[in-house]
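Some notes on the structure that comes next.
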Amino acid sequence: MKYMLLINAAMDDETGPVGNGCTVEDWMAYDKTVKDAGIFVTGHSLADLVTATTVRVGPGGERTITTDGPFAETREVLGGYYVIDVPDLDVALDWAARCPGSWGGGSVVVRPVAEF
C-alpha cells in the first residue's frame, strides 16, 4: 500500500522554520536507505516558504492570488514529502520515525494514498 510521508518543520513566529539538528548528510542517508529498500515511489523537497503562492476562488469565480506568505497561523511548515510503498501502516510509521524530519520538533504526517 502506498503512503505519503508529509515532512513538517517546526516554525518560530519571528524567524521561520526551526532547524531540527539534522544535516544534509542525514537526509542523503535516509533517501538512500528508502531507495535501497525498494519502497521509494516519489518524493521532493519544497522550496522556501517565501516562494509560495496561494490561490483562492470566491463564490463568484473570482480568483485571488497571495504571494506575501506565510499564509496561515501555524507552528509547522510543509518542507517536503515521500511516497513509499510498504505492506501496512505499521511499516509506514516505522519509516516515518526514521525520517530526519521527525527530529527536534519536526513531524512526519503519514497518510494512505487513495487509489481509484
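In the C-alpha cells, chains take the letters A, B, ... in the order shown, each chain's residues start at 1, and ligands count up from 1 in the order shown.
Omitting Gly43 in chain A and its sequence neighbours fewer than 6 positions away, and counting only C-alpha atoms, the residues within 12 Å are Tyr3, Met4, Leu5, Leu6, Ile7, Asp31, Val34, Lys35, Gly79, Gly80, Tyr81, Tyr82, Val83, Ile84 and Asp85 of chain A.
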Using only C-alpha atoms, which residue out of A:Gly61, A:Arg98, A:Lys2, A:Tyr30 lies closest to Val113 in chain A? A:Lys2
If you run DSSP on the backbone, which residues of chain A are strand (DSSP E or B), as a PyMOL selection string? chain A and resi 2-12+16-17+40-45+54-57+63-66+76-85+107-112
Identify, on the basis of only C-alpha atoms, every residue whose closest approach to Pro100 in chain A does not exceed 8 Å; exclude the query and any residue fewer than 6 positions from it along the same chain; express the result as a list in words. Cys22, Asp26, Trp27 and Tyr30 of chain A
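You can rank A:Val77, A:Val109, A:Ala9, A:Leu89 by their closest distance to Gly21 in chain A using only C-alpha atoms, and at the top of that list sits A:Ala9.
For the set A:Ala97, A:Thr67, A:Asn8, A:Phe116, the residue with the smallest atom-to-atom gap to Ala52 in chain A is A:Thr67, counting only C-alpha atoms.
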Rank A:Asp88, A:Leu46, A:Val55, A:Cys99 by their smallest atom-to-atom distance to Thr33 in chain A, using only C-alpha atoms, and report the top residue only. A:Cys99
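Across the structure, CA of Leu49 in chain A and CA of Asp68 in chain A are spaced 9.8 Å apart.
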Shell of 10 Å around Val86 in chain A, only C-alpha atoms, local chain residues under 6 positions omitted, as number ranges by chain: A: 1-3, 37-40, 92, 95
Restrict the selected residues to C-alpha atoms and save them as an mmCIF file, in the first residue's frame.
```
data_model
loop_
_atom_site.group_PDB
_atom_site.id
_atom_site.type_symbol
_atom_site.label_atom_id
_atom_site.label_comp_id
_atom_site.auth_asym_id
_atom_site.auth_seq_id
_atom_site.Cartn_x
_atom_site.Cartn_y
_atom_site.Cartn_z
ATOM 1 C CA MET A 1 0.000 0.000 0.000
ATOM 2 C CA LYS A 2 1.206 3.490 -0.765
ATOM 3 C CA TYR A 3 1.640 6.062 1.997
ATOM 4 C CA ALA A 37 14.853 -0.823 0.489
ATOM 5 C CA GLY A 38 12.848 -0.705 -2.761
ATOM 6 C CA ILE A 39 9.940 1.220 -1.212
ATOM 7 C CA PHE A 40 10.533 4.654 -2.811
ATOM 8 C CA ALA A 92 4.988 3.248 7.125
ATOM 9 C CA TRP A 95 9.878 4.649 8.113
#
```
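Taking range 29-111 of chain A and asking which residues DSSP calls helix (DSSP H, G or I) on the backbone, you get Ala29, Tyr30, Asp31, Lys32, Thr33, Val34, Lys35, Asp36, Leu49, Val50, Thr51, Leu89, Asp90, Val91, Ala92, Leu93, Asp94, Trp95, Ala96, Ala97, Arg98, Pro100, Gly101 and Ser102 of chain A.
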What does the structure give for the distance between CA of Val110 in chain A and CA of Leu93 in chain A, in Å to one decimal? 6.9 Å
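The space between CA of Arg63 in chain A and CA of Ala114 in chain A spans 28.5 Å.
Considering the residues A:Gly106, A:Pro112, A:Pro59, A:Gly101 and counting only C-alpha atoms, Thr23 in chain A has its shortest atom-to-atom contact with A:Gly101.
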